[in-house]
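Novice: My file is protein_11.cif. It has mmCIF, C-alpha atoms:
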data_protein
loop_
_atom_site.group_PDB
_atom_site.id
_atom_site.type_symbol
_atom_site.label_atom_id
_atom_site.label_comp_id
_atom_site.auth_asym_id
_atom_site.auth_seq_id
_atom_site.Cartn_x
_atom_site.Cartn_y
_atom_site.Cartn_z
ATOM 1 C CA MET A 13 -6.220 7.059 31.148
ATOM 2 C CA LEU A 14 -7.222 4.562 28.439
ATOM 3 C CA ASN A 15 -7.113 7.279 25.792
ATOM 4 C CA TRP A 16 -3.707 8.404 27.012
ATOM 5 C CA MET A 17 -2.457 4.831 26.752
ATOM 6 C CA LYS A 18 -3.873 4.477 23.257
ATOM 7 C CA LEU A 19 -2.525 7.753 21.925
ATOM 8 C CA SER A 20 0.779 8.109 23.777
ATOM 9 C CA VAL A 21 2.006 4.637 24.678
ATOM 10 C CA ALA A 22 0.578 2.401 21.958
ATOM 11 C CA PRO A 23 1.986 4.221 18.874
ATOM 12 C CA PRO A 24 5.710 4.049 19.760
ATOM 13 C CA LEU A 25 5.272 0.445 20.932
ATOM 14 C CA ALA A 26 3.486 -0.473 17.705
ATOM 15 C CA ALA A 27 6.164 1.209 15.583
ATOM 16 C CA ARG A 28 8.908 -0.724 17.418
ATOM 17 C CA THR A 29 6.950 -3.967 17.045
ATOM 18 C CA ILE A 30 6.665 -3.454 13.294
ATOM 19 C CA ARG A 31 10.403 -2.793 13.000
ATOM 20 C CA LEU A 32 11.158 -5.812 15.192
ATOM 21 C CA LEU A 33 8.899 -8.037 13.080
ATOM 22 C CA GLY A 34 10.725 -6.806 9.981
ATOM 23 C CA HIS A 35 14.072 -7.756 11.494
ATOM 24 C CA THR A 36 12.928 -11.298 12.315
ATOM 25 C CA MET A 37 12.020 -12.087 8.719
ATOM 26 C CA ARG A 38 13.807 -12.917 5.531
ATOM 27 C CA VAL A 39 12.633 -10.313 3.075
ATOM 28 C CA SER A 40 12.427 -10.630 -0.694
ATOM 29 C CA THR A 41 11.377 -7.853 -3.035
ATOM 30 C CA ILE A 42 9.831 -8.135 -6.471
ATOM 31 C CA GLY A 43 9.172 -5.251 -8.842
ATOM 32 C CA GLY A 44 10.964 -2.542 -6.848
ATOM 33 C CA GLU A 45 12.998 -1.548 -9.900
ATOM 34 C CA THR A 46 9.831 -0.113 -11.462
ATOM 35 C CA VAL A 47 9.523 2.382 -8.618
ATOM 36 C CA ASP A 48 13.249 3.161 -8.597
ATOM 37 C CA GLU A 49 13.064 3.921 -12.314
ATOM 38 C CA LEU A 50 10.210 6.395 -11.754
ATOM 39 C CA TYR A 51 12.134 8.056 -8.910
ATOM 40 C CA GLY A 52 15.164 8.195 -11.214
ATOM 41 C CA GLN A 53 13.058 10.163 -13.692
ATOM 42 C CA GLY A 54 12.128 12.609 -10.931
ATOM 43 C CA LYS A 55 8.535 11.365 -10.767
ATOM 44 C CA ARG A 56 6.391 11.008 -7.684
ATOM 45 C CA ILE A 57 3.909 8.215 -7.172
ATOM 46 C CA ILE A 58 0.679 7.147 -5.529
ATOM 47 C CA ILE A 59 1.209 3.914 -3.610
ATOM 48 C CA ALA A 60 -1.922 1.788 -3.223
ATOM 49 C CA PHE A 61 -2.316 -1.350 -1.104
ATOM 50 C CA TRP A 62 -5.231 -3.196 0.440
ATOM 51 C CA HIS A 63 -6.207 -2.060 3.930
ATOM 52 C CA GLY A 64 -5.834 -5.568 5.345
ATOM 53 C CA ARG A 65 -2.163 -5.696 4.291
ATOM 54 C CA GLN A 66 -1.028 -2.345 5.609
ATOM 55 C CA LEU A 67 0.788 -3.487 8.757
ATOM 56 C CA MET A 68 4.268 -3.987 7.292
ATOM 57 C CA MET A 69 3.992 -1.393 4.534
ATOM 58 C CA PRO A 70 5.940 1.365 6.348
ATOM 59 C CA LEU A 71 9.020 -0.828 5.894
ATOM 60 C CA ALA A 72 8.433 -1.100 2.164
ATOM 61 C CA TYR A 73 8.570 2.593 1.295
ATOM 62 C CA ARG A 74 11.510 3.444 -1.003
ATOM 63 C CA GLY A 75 11.084 7.228 -1.344
ATOM 64 C CA GLN A 76 11.988 10.282 0.735
ATOM 65 C CA LEU A 77 8.716 11.953 1.686
ATOM 66 C CA ALA A 78 5.136 10.691 1.691
ATOM 67 C CA SER A 79 1.694 11.697 2.876
ATOM 68 C CA ILE A 80 -0.686 8.936 3.840
ATOM 69 C CA LEU A 81 -4.478 9.040 3.867
ATOM 70 C CA ILE A 82 -5.880 7.839 7.205
ATOM 71 C CA SER A 83 -9.509 7.815 8.307
ATOM 72 C CA GLN A 84 -10.902 10.321 10.817
ATOM 73 C CA HIS A 85 -12.072 7.466 13.035
ATOM 74 C CA ARG A 86 -10.473 7.474 16.515
ATOM 75 C CA ASP A 87 -8.471 4.355 15.619
ATOM 76 C CA GLY A 88 -7.179 6.365 12.682
ATOM 77 C CA GLU A 89 -5.519 8.719 15.157
ATOM 78 C CA ILE A 90 -3.489 5.814 16.556
ATOM 79 C CA ILE A 91 -2.451 4.743 13.049
ATOM 80 C CA ALA A 92 -1.572 8.352 12.178
ATOM 81 C CA ARG A 93 0.721 8.545 15.208
ATOM 82 C CA ILE A 94 2.347 5.213 14.354
ATOM 83 C CA MET A 95 2.983 6.443 10.813
ATOM 84 C CA GLN A 96 4.739 9.540 12.164
ATOM 85 C CA TYR A 97 7.413 7.245 13.632
ATOM 86 C CA PHE A 98 8.170 6.115 10.087
ATOM 87 C CA GLY A 99 8.305 9.668 8.738
ATOM 88 C CA PHE A 100 4.902 9.723 7.040
ATOM 89 C CA LYS A 101 2.691 12.783 7.176
ATOM 90 C CA ALA A 102 -0.922 11.824 7.951
ATOM 91 C CA ILE A 103 -3.822 13.400 6.076
ATOM 92 C CA ARG A 104 -7.113 12.555 7.704
ATOM 93 C CA GLY A 105 -10.268 11.596 5.797
ATOM 94 C CA SER A 106 -11.997 8.736 3.994
ATOM 95 C CA SER A 107 -14.745 8.111 1.450
ATOM 96 C CA THR A 108 -17.333 8.296 4.255
ATOM 97 C CA ARG A 109 -16.018 11.324 6.192
ATOM 98 C CA GLY A 110 -13.867 14.270 5.158
ATOM 99 C CA GLY A 111 -13.020 12.688 1.812
ATOM 100 C CA LEU A 112 -13.143 15.760 -0.433
ATOM 101 C CA ARG A 113 -11.037 17.881 1.899
ATOM 102 C CA ALA A 114 -8.539 15.032 2.273
ATOM 103 C CA ILE A 115 -8.242 14.634 -1.503
ATOM 104 C CA ARG A 116 -7.527 18.380 -1.826
ATOM 105 C CA GLN A 117 -4.865 18.131 0.880
ATOM 106 C CA LEU A 118 -3.303 15.101 -0.807
ATOM 107 C CA VAL A 119 -3.200 16.894 -4.169
ATOM 108 C CA LYS A 120 -1.474 19.834 -2.468
ATOM 109 C CA ALA A 121 0.974 17.508 -0.694
ATOM 110 C CA GLY A 122 1.781 15.904 -4.053
ATOM 111 C CA ARG A 123 2.342 19.282 -5.693
ATOM 112 C CA ASP A 124 4.599 20.243 -2.781
ATOM 113 C CA GLY A 125 6.879 17.351 -3.689
ATOM 114 C CA GLY A 126 5.849 14.188 -1.857
ATOM 115 C CA ASP A 127 4.525 10.758 -2.696
ATOM 116 C CA LEU A 128 0.981 9.822 -1.735
ATOM 117 C CA VAL A 129 -0.123 6.639 0.022
ATOM 118 C CA VAL A 130 -3.684 5.303 0.099
ATOM 119 C CA THR A 131 -5.593 2.135 0.941
ATOM 120 C CA PRO A 132 -8.098 2.171 -1.928
ATOM 121 C CA ASP A 133 -10.618 -0.115 -0.183
ATOM 122 C CA GLY A 134 -10.687 2.132 2.879
ATOM 123 C CA PRO A 135 -11.134 1.179 6.529
ATOM 124 C CA LYS A 136 -14.797 0.218 6.209
ATOM 125 C CA GLY A 137 -14.493 -1.776 3.031
ATOM 126 C CA PRO A 138 -15.874 -3.551 1.173
ATOM 127 C CA ALA A 139 -12.499 -5.253 1.397
ATOM 128 C CA CYS A 140 -10.480 -5.497 -1.811
ATOM 129 C CA LYS A 141 -12.848 -3.228 -3.749
ATOM 130 C CA VAL A 142 -11.244 -0.032 -5.039
ATOM 131 C CA GLN A 143 -13.137 3.169 -4.241
ATOM 132 C CA SER A 144 -12.985 6.043 -6.706
ATOM 133 C CA GLY A 145 -10.867 8.483 -4.643
ATOM 134 C CA VAL A 146 -7.504 7.053 -5.680
ATOM 135 C CA VAL A 147 -8.376 7.400 -9.369
ATOM 136 C CA TYR A 148 -9.469 11.041 -8.909
ATOM 137 C CA LEU A 149 -6.186 11.604 -7.104
ATOM 138 C CA ALA A 150 -4.183 10.140 -9.993
ATOM 139 C CA LYS A 151 -6.140 12.217 -12.490
ATOM 140 C CA ALA A 152 -5.654 15.428 -10.499
ATOM 141 C CA THR A 153 -1.936 14.983 -9.812
ATOM 142 C CA GLY A 154 -0.780 13.136 -12.935
ATOM 143 C CA PHE A 155 1.079 10.679 -10.668
ATOM 144 C CA PRO A 156 1.018 6.986 -11.587
ATOM 145 C CA ILE A 157 -0.724 4.599 -9.177
ATOM 146 C CA ILE A 158 1.649 1.826 -8.105
ATOM 147 C CA PRO A 159 -0.029 -1.277 -6.646
ATOM 148 C CA LEU A 160 1.842 -2.801 -3.695
ATOM 149 C CA THR A 161 1.217 -5.937 -1.671
ATOM 150 C CA PHE A 162 2.952 -8.252 0.746
ATOM 151 C CA ALA A 163 2.627 -11.821 1.869
ATOM 152 C CA CYS A 164 4.315 -13.841 4.581
ATOM 153 C CA SER A 165 4.651 -17.576 5.054
ATOM 154 C CA LYS A 166 3.365 -17.542 8.647
ATOM 155 C CA LYS A 167 0.616 -15.185 9.662
ATOM 156 C CA LYS A 168 -2.404 -14.715 11.854
ATOM 157 C CA SER A 169 -5.522 -13.046 10.470
ATOM 158 C CA PHE A 170 -7.872 -11.113 12.711
ATOM 159 C CA ARG A 171 -10.654 -8.637 12.260
ATOM 160 C CA VAL A 172 -10.416 -4.934 13.083
ATOM 161 C CA GLY A 173 -13.153 -3.554 10.870
ATOM 162 C CA ILE A 174 -11.891 -5.782 8.052
ATOM 163 C CA THR A 175 -9.602 -8.805 8.081
ATOM 164 C CA PHE A 176 -6.039 -7.889 8.935
ATOM 165 C CA LYS A 177 -2.906 -9.967 8.208
ATOM 166 C CA PHE A 178 -0.418 -10.054 11.081
ATOM 167 C CA PRO A 179 2.914 -11.774 10.355
ATOM 168 C CA ILE A 180 4.238 -14.210 12.931
ATOM 169 C CA PRO A 181 7.888 -13.532 13.852
ATOM 170 C CA VAL A 182 10.574 -15.665 12.295
ATOM 171 C CA GLY A 183 8.427 -16.465 9.283
ATOM 172 C CA ARG A 184 10.299 -18.577 6.764
ATOM 173 C CA ASP A 185 9.773 -16.039 4.007
ATOM 174 C CA TYR A 186 8.261 -12.666 3.830
ATOM 175 C CA LEU A 187 7.614 -10.960 0.580
ATOM 176 C CA CYS A 188 6.946 -7.291 0.346
ATOM 177 C CA GLY A 189 7.824 -4.148 -1.482
ATOM 178 C CA ALA A 190 11.225 -3.376 -0.125
ATOM 179 C CA ASN A 191 14.119 -4.554 1.944
ATOM 180 C CA PRO A 192 13.971 -2.808 5.314
ATOM 181 C CA TYR A 193 17.678 -3.433 5.753
ATOM 182 C CA GLY A 194 18.486 -1.725 2.456
ATOM 183 C CA MET B 10 5.719 -6.939 -4.366
ATOM 184 C CA TRP B 11 5.275 -3.897 -6.565
ATOM 185 C CA GLY B 12 3.022 -3.843 -9.614
ATOM 186 C CA GLN B 13 3.286 -1.858 -12.799
ATOM 187 C CA PRO B 14 2.237 1.823 -12.891
ATOM 188 C CA ILE B 15 -1.333 2.738 -13.776
ATOM 189 C CA TRP B 16 -1.528 6.189 -15.366
ATOM 190 C CA VAL B 17 -4.713 8.268 -15.476
ATOM 191 C CA LYS B 18 -4.591 11.155 -17.932
ATOM 192 C CA ALA B 19 -6.182 14.471 -16.924
ATOM 193 C CA GLU B 20 -8.323 14.324 -20.098
ATOM 194 C CA LEU B 21 -9.986 11.028 -19.132
ATOM 195 C CA ALA B 22 -13.746 11.618 -18.892
ATOM 196 C CA ASN B 23 -15.316 11.097 -15.467
ATOM 197 C CA ASP B 24 -17.601 8.379 -16.830
ATOM 198 C CA LYS B 25 -14.490 6.400 -17.850
ATOM 199 C CA LEU B 26 -12.835 6.474 -14.427
ATOM 200 C CA PHE B 27 -14.168 3.014 -13.625
ATOM 201 C CA GLU B 28 -11.628 1.559 -16.082
ATOM 202 C CA PRO B 29 -8.452 2.446 -14.119
ATOM 203 C CA ARG B 30 -10.351 1.660 -10.900
ATOM 204 C CA LEU B 31 -11.044 -1.878 -12.099
ATOM 205 C CA GLU B 32 -7.489 -2.225 -13.417
ATOM 206 C CA LEU B 33 -6.081 -1.289 -10.000
ATOM 207 C CA GLU B 34 -8.431 -3.755 -8.314
ATOM 208 C CA ARG B 35 -7.411 -6.559 -10.684
ATOM 209 C CA SER B 36 -3.740 -5.707 -10.312
ATOM 210 C CA LEU B 37 -3.826 -5.677 -6.489
ATOM 211 C CA ASN B 38 -5.722 -8.973 -6.351
ATOM 212 C CA ARG B 39 -3.416 -10.607 -8.904
ATOM 213 C CA LEU B 40 -0.252 -9.397 -7.110
ATOM 214 C CA THR B 41 -1.567 -10.556 -3.748
ATOM 215 C CA ALA B 42 -2.415 -14.014 -5.099
ATOM 216 C CA GLN B 43 1.030 -14.263 -6.709
ATOM 217 C CA ALA B 44 2.769 -13.138 -3.500
ATOM 218 C CA GLU B 45 0.804 -15.642 -1.396
ATOM 219 C CA LEU B 46 1.852 -18.457 -3.736
ATOM 220 C CA ALA B 47 5.468 -17.317 -3.899
ATOM 221 C CA VAL B 48 6.072 -17.211 -0.122
ATOM 222 C CA GLN B 49 5.107 -20.870 0.194
ATOM 223 C CA ASN B 50 8.313 -21.714 -1.685
ATOM 224 C CA SER B 51 11.842 -21.750 -0.305
ATOM 225 C CA ASP B 52 12.947 -19.186 -2.897
ATOM 226 C CA PRO B 53 9.944 -16.932 -3.533
ATOM 227 C CA VAL B 54 11.626 -14.677 -6.078
ATOM 228 C CA GLN B 55 12.774 -17.564 -8.275
ATOM 229 C CA TYR B 56 9.358 -19.191 -7.950
ATOM 230 C CA PHE B 57 7.678 -15.960 -9.007
ATOM 231 C CA LEU B 58 9.977 -15.476 -12.000
ATOM 232 C CA ARG B 59 9.414 -19.065 -13.106
ATOM 233 C CA SER B 60 5.638 -18.737 -12.797
ATOM 234 C CA GLN B 61 5.726 -15.502 -14.779
ATOM 235 C CA SER B 62 7.560 -17.081 -17.675
ATOM 236 C CA SER B 63 5.399 -20.209 -17.730
ATOM 237 C CA HIS B 64 2.013 -18.483 -17.346
ATOM 238 C CA ASN B 65 2.791 -15.154 -19.008
ATOM 239 C CA MET B 66 1.553 -13.281 -15.924
ATOM 240 C CA ILE B 67 3.701 -10.205 -16.502
ATOM 241 C CA ASP B 68 1.837 -6.997 -15.713
ATOM 242 C CA THR B 69 2.005 -4.265 -18.291
ATOM 243 C CA ASP B 70 2.032 -0.529 -17.871
ATOM 244 C CA GLU B 71 -1.532 0.783 -18.294
ATOM 245 C CA THR B 72 -2.424 4.306 -19.341
ATOM 246 C CA PHE B 73 -6.034 5.459 -19.330
ATOM 247 C CA GLY B 74 -7.224 8.512 -21.230
ATOM 248 C CA VAL B 75 -4.920 8.322 -24.254
#
Render the structure in this file as structure tokens.

Specialist:
Amino acid sequence: MLNWMKLSVAPPLAARTIRLLGHTMRVSTIGGETVDELYGQGKRIIIAFWHGRQLMMPLAYRGQLASILISQHRDGEIIARIMQYFGFKAIRGSSTRGGLRAIRQLVKAGRDGGDLVVTPDGPKGPACKVQSGVVYLAKATGFPIIPLTFACSKKKSFRVGITFKFPIPVGRDYLCGANPYG
Amino acid sequence: MWGQPIWVKAELANDKLFEPRLELERSLNRLTAQAELAVQNSDPVQYFLRSQSSHNMIDTDETFGV
């Protein structure tokens, strides 16, 4: 019953919560023109952001199709299902489990025409320390790595593996990679 | 907040891969610090642009393996 709740009920609720949070905030974007220019040249990209800042990132995506690397941990399954509501394809693996196979799948997904999304510090951390997988991915695909971050004026931090930033609704300002209303 | 692209050429030797790795780490930490500062202001974009011009914090495109 608990598993059913986690895998069937929680993901759509979480996806709606993220969208709702996005709609309660005033969003500003900085640097998005860099990505638009690359898309204009027909290039695909690797988007990299810290694991602790991933919550609002689905709203920041500016492209058409992306595959996202998500750990094989059981919590990763919940995140993978949430990401599906935003149109992302989940590829499961991390530096500690299934990493090589996941990198191969990501390279293939990139060659098939999509962007790639990774959290370079991974779910187990150490937080804010880049692991080598993202660089191998960039070398193998030839895609540029684009760093992405967000900040919000009002937030609550809590720990799920590593510290996670959760925006409080109606924050005065919220700064991230894209305008979700755009 | 988006940063500047970091390119890794296919010819870059494996023992040099730490360079783009460190550049990405620096870039993400710098962007995050800048974003955290900017959102404390009533107009974060203007604040960011002002801080860029006064502290020369503009990121530059990095290519490794040239």

Novice: Starting from chain A, keep only residues with some atom at most 9 Å from an atom of chain B, counting all atoms listed in the file, and report them as an MDAnalysis selection string.

Specialist: chainID A and resid 40:47 57 60:62 132 140:144 146:148 150:165 184:190

Novice: Give me, please, the distance in Å between atom CA of A:Pro135 and atom CA of A:Arg38, quoted to one decimal.

Specialist: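 Going from atom CA of A:Pro135 over to atom CA of A:Arg38 covers 28.7 Å.
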
Novice: Hey, what's within 12 Å of A:Gln96 if we count only C-alpha atoms and toss same-chain stuff fewer than 5 positions away? As an mmCIF file with C-alpha atoms, in the frame of the given file, please?

Specialist:
data_model
loop_
_atom_site.group_PDB
_atom_site.id
_atom_site.type_symbol
_atom_site.label_atom_id
_atom_site.label_comp_id
_atom_site.auth_asym_id
_atom_site.auth_seq_id
_atom_site.Cartn_x
_atom_site.Cartn_y
_atom_site.Cartn_z
ATOM 1 C CA PRO A 23 1.986 4.221 18.874
ATOM 2 C CA PRO A 24 5.710 4.049 19.760
ATOM 3 C CA ALA A 26 3.486 -0.473 17.705
ATOM 4 C CA ALA A 27 6.164 1.209 15.583
ATOM 5 C CA PRO A 70 5.940 1.365 6.348
ATOM 6 C CA LEU A 77 8.716 11.953 1.686
ATOM 7 C CA ALA A 78 5.136 10.691 1.691
ATOM 8 C CA SER A 79 1.694 11.697 2.876
ATOM 9 C CA ILE A 80 -0.686 8.936 3.840
ATOM 10 C CA ILE A 82 -5.880 7.839 7.205
ATOM 11 C CA GLU A 89 -5.519 8.719 15.157
ATOM 12 C CA ILE A 90 -3.489 5.814 16.556
ATOM 13 C CA ILE A 91 -2.451 4.743 13.049
ATOM 14 C CA LYS A 101 2.691 12.783 7.176
ATOM 15 C CA ALA A 102 -0.922 11.824 7.951
ATOM 16 C CA ILE A 103 -3.822 13.400 6.076
#

Novice: In Å, with one decimal, what is the gap from atom CA of A:Ala92 to atom CA of A:Asp133?

Specialist: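 So the two atoms, atom CA of A:Ala92 and atom CA of A:Asp133, lie 17.5 Å apart.
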
Novice: Atom CA of A:Arg28 and atom CA of A:Phe98, how far apart in Å?

Specialist: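 Between these atoms lies a distance of 10.1 Å.
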
Novice: Given only C-alpha atoms as the basis, pick out the residue of A:Ile58, A:Ala72, A:Ile94, A:Leu33 nearest to A:Ser20.

Specialist: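 When distances to A:Ser20 are compared using only C-alpha atoms, the smallest one comes from A:Ile94.
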
Novice: Nearest to A:Lys55 among A:Leu128, A:Val39, A:Leu19, A:Leu14, with distances taken over only C-alpha atoms: which residue is it?

Specialist: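 Looking at the shortest contact to A:Lys55, the residue is A:Leu128.
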
Novice: Which of these, A:Lys120, A:Lys18, A:Lys136, A:Arg56, has the shortest distance to A:Ser83 once you count all atoms listed in the file?

Specialist: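 Under the stated criterion, the closest residue is A:Lys136.
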
Novice: Write stretch 50-60 of chain B as a PDB file, in the frame of the given file, completed to all heavy atoms.

Specialist:
ATOM      1  N   ASN B  50       7.136 -21.038  -1.143  1.00  0.00           N
ATOM      2  CA  ASN B  50       8.313 -21.714  -1.685  1.00  0.00           C
ATOM      3  C   ASN B  50       9.583 -21.238  -0.990  1.00  0.00           C
ATOM      4  O   ASN B  50       9.623 -20.126  -0.468  1.00  0.00           O
ATOM      5  CB  ASN B  50       8.416 -21.440  -3.188  1.00  0.00           C
ATOM      6  CG  ASN B  50       7.415 -22.283  -3.946  1.00  0.00           C
ATOM      7  OD1 ASN B  50       7.735 -23.375  -4.375  1.00  0.00           O
ATOM      8  ND2 ASN B  50       6.181 -21.789  -4.049  1.00  0.00           N
ATOM      9  N   SER B  51      10.617 -22.095  -1.025  1.00  0.00           N
ATOM     10  CA  SER B  51      11.842 -21.750  -0.305  1.00  0.00           C
ATOM     11  C   SER B  51      12.534 -20.553  -0.937  1.00  0.00           C
ATOM     12  O   SER B  51      13.205 -19.797  -0.252  1.00  0.00           O
ATOM     13  CB  SER B  51      12.778 -22.949  -0.262  1.00  0.00           C
ATOM     14  OG  SER B  51      13.022 -23.390  -1.571  1.00  0.00           O
ATOM     15  N   ASP B  52      12.390 -20.366  -2.242  1.00  0.00           N
ATOM     16  CA  ASP B  52      12.947 -19.186  -2.897  1.00  0.00           C
ATOM     17  C   ASP B  52      11.822 -18.457  -3.627  1.00  0.00           C
ATOM     18  O   ASP B  52      11.549 -18.716  -4.800  1.00  0.00           O
ATOM     19  CB  ASP B  52      14.055 -19.596  -3.882  1.00  0.00           C
ATOM     20  CG  ASP B  52      14.789 -18.379  -4.411  1.00  0.00           C
ATOM     21  OD1 ASP B  52      14.231 -17.266  -4.367  1.00  0.00           O
ATOM     22  OD2 ASP B  52      15.928 -18.542  -4.866  1.00  0.00           O
ATOM     23  N   PRO B  53      11.142 -17.548  -2.947  1.00  0.00           N
ATOM     24  CA  PRO B  53       9.944 -16.932  -3.533  1.00  0.00           C
ATOM     25  C   PRO B  53      10.207 -16.141  -4.807  1.00  0.00           C
ATOM     26  O   PRO B  53       9.379 -16.146  -5.724  1.00  0.00           O
ATOM     27  CB  PRO B  53       9.423 -16.008  -2.428  1.00  0.00           C
ATOM     28  CG  PRO B  53      10.450 -15.956  -1.384  1.00  0.00           C
ATOM     29  CD  PRO B  53      11.386 -17.088  -1.574  1.00  0.00           C
ATOM     30  N   VAL B  54      11.355 -15.496  -4.889  1.00  0.00           N
ATOM     31  CA  VAL B  54      11.626 -14.677  -6.078  1.00  0.00           C
ATOM     32  C   VAL B  54      11.784 -15.572  -7.297  1.00  0.00           C
ATOM     33  O   VAL B  54      11.178 -15.329  -8.352  1.00  0.00           O
ATOM     34  CB  VAL B  54      12.883 -13.801  -5.869  1.00  0.00           C
ATOM     35  CG1 VAL B  54      13.218 -13.038  -7.141  1.00  0.00           C
ATOM     36  CG2 VAL B  54      12.659 -12.837  -4.704  1.00  0.00           C
ATOM     37  N   GLN B  55      12.592 -16.643  -7.158  1.00  0.00           N
ATOM     38  CA  GLN B  55      12.774 -17.564  -8.275  1.00  0.00           C
ATOM     39  C   GLN B  55      11.453 -18.215  -8.672  1.00  0.00           C
ATOM     40  O   GLN B  55      11.156 -18.369  -9.849  1.00  0.00           O
ATOM     41  CB  GLN B  55      13.795 -18.655  -7.905  1.00  0.00           C
ATOM     42  CG  GLN B  55      15.230 -18.170  -7.984  1.00  0.00           C
ATOM     43  CD  GLN B  55      15.555 -17.556  -9.342  1.00  0.00           C
ATOM     44  OE1 GLN B  55      15.238 -18.109 -10.387  1.00  0.00           O
ATOM     45  NE2 GLN B  55      16.166 -16.370  -9.320  1.00  0.00           N
ATOM     46  N   TYR B  56      10.663 -18.583  -7.664  1.00  0.00           N
ATOM     47  CA  TYR B  56       9.358 -19.191  -7.950  1.00  0.00           C
ATOM     48  C   TYR B  56       8.494 -18.228  -8.753  1.00  0.00           C
ATOM     49  O   TYR B  56       7.854 -18.594  -9.729  1.00  0.00           O
ATOM     50  CB  TYR B  56       8.649 -19.569  -6.647  1.00  0.00           C
ATOM     51  CG  TYR B  56       7.238 -20.057  -6.876  1.00  0.00           C
ATOM     52  CD1 TYR B  56       7.001 -21.388  -7.236  1.00  0.00           C
ATOM     53  CD2 TYR B  56       6.158 -19.182  -6.782  1.00  0.00           C
ATOM     54  CE1 TYR B  56       5.713 -21.833  -7.480  1.00  0.00           C
ATOM     55  CE2 TYR B  56       4.873 -19.618  -7.032  1.00  0.00           C
ATOM     56  CZ  TYR B  56       4.649 -20.943  -7.383  1.00  0.00           C
ATOM     57  OH  TYR B  56       3.372 -21.361  -7.630  1.00  0.00           O
ATOM     58  N   PHE B  57       8.490 -16.970  -8.322  1.00  0.00           N
ATOM     59  CA  PHE B  57       7.678 -15.960  -9.007  1.00  0.00           C
ATOM     60  C   PHE B  57       8.136 -15.792 -10.453  1.00  0.00           C
ATOM     61  O   PHE B  57       7.322 -15.752 -11.375  1.00  0.00           O
ATOM     62  CB  PHE B  57       7.760 -14.625  -8.264  1.00  0.00           C
ATOM     63  CG  PHE B  57       7.055 -13.515  -8.982  1.00  0.00           C
ATOM     64  CD1 PHE B  57       5.671 -13.432  -8.955  1.00  0.00           C
ATOM     65  CD2 PHE B  57       7.760 -12.564  -9.698  1.00  0.00           C
ATOM     66  CE1 PHE B  57       5.007 -12.418  -9.638  1.00  0.00           C
ATOM     67  CE2 PHE B  57       7.102 -11.553 -10.372  1.00  0.00           C
ATOM     68  CZ  PHE B  57       5.728 -11.474 -10.335  1.00  0.00           C
ATOM     69  N   LEU B  58       9.457 -15.685 -10.647  1.00  0.00           N
ATOM     70  CA  LEU B  58       9.977 -15.476 -12.000  1.00  0.00           C
ATOM     71  C   LEU B  58       9.650 -16.665 -12.895  1.00  0.00           C
ATOM     72  O   LEU B  58       9.271 -16.495 -14.057  1.00  0.00           O
ATOM     73  CB  LEU B  58      11.492 -15.231 -11.951  1.00  0.00           C
ATOM     74  CG  LEU B  58      11.896 -13.933 -11.230  1.00  0.00           C
ATOM     75  CD1 LEU B  58      13.409 -13.832 -11.123  1.00  0.00           C
ATOM     76  CD2 LEU B  58      11.326 -12.711 -11.939  1.00  0.00           C
ATOM     77  N   ARG B  59       9.758 -17.870 -12.324  1.00  0.00           N
ATOM     78  CA  ARG B  59       9.414 -19.065 -13.106  1.00  0.00           C
ATOM     79  C   ARG B  59       7.937 -19.057 -13.479  1.00  0.00           C
ATOM     80  O   ARG B  59       7.566 -19.326 -14.608  1.00  0.00           O
ATOM     81  CB  ARG B  59       9.723 -20.331 -12.309  1.00  0.00           C
ATOM     82  CG  ARG B  59      11.164 -20.814 -12.410  1.00  0.00           C
ATOM     83  CD  ARG B  59      11.272 -22.290 -12.007  1.00  0.00           C
ATOM     84  NE  ARG B  59      10.660 -22.588 -10.723  1.00  0.00           N
ATOM     85  CZ  ARG B  59      11.270 -22.475  -9.562  1.00  0.00           C
ATOM     86  NH1 ARG B  59      12.517 -22.034  -9.516  1.00  0.00           N
ATOM     87  NH2 ARG B  59      10.658 -22.762  -8.433  1.00  0.00           N
ATOM     88  N   SER B  60       7.081 -18.712 -12.517  1.00  0.00           N
ATOM     89  CA  SER B  60       5.638 -18.737 -12.797  1.00  0.00           C
ATOM     90  C   SER B  60       5.268 -17.668 -13.817  1.00  0.00           C
ATOM     91  O   SER B  60       4.390 -17.852 -14.634  1.00  0.00           O
ATOM     92  CB  SER B  60       4.834 -18.537 -11.506  1.00  0.00           C
ATOM     93  OG  SER B  60       5.039 -17.251 -10.990  1.00  0.00           O
TER      94      SER B  60
END
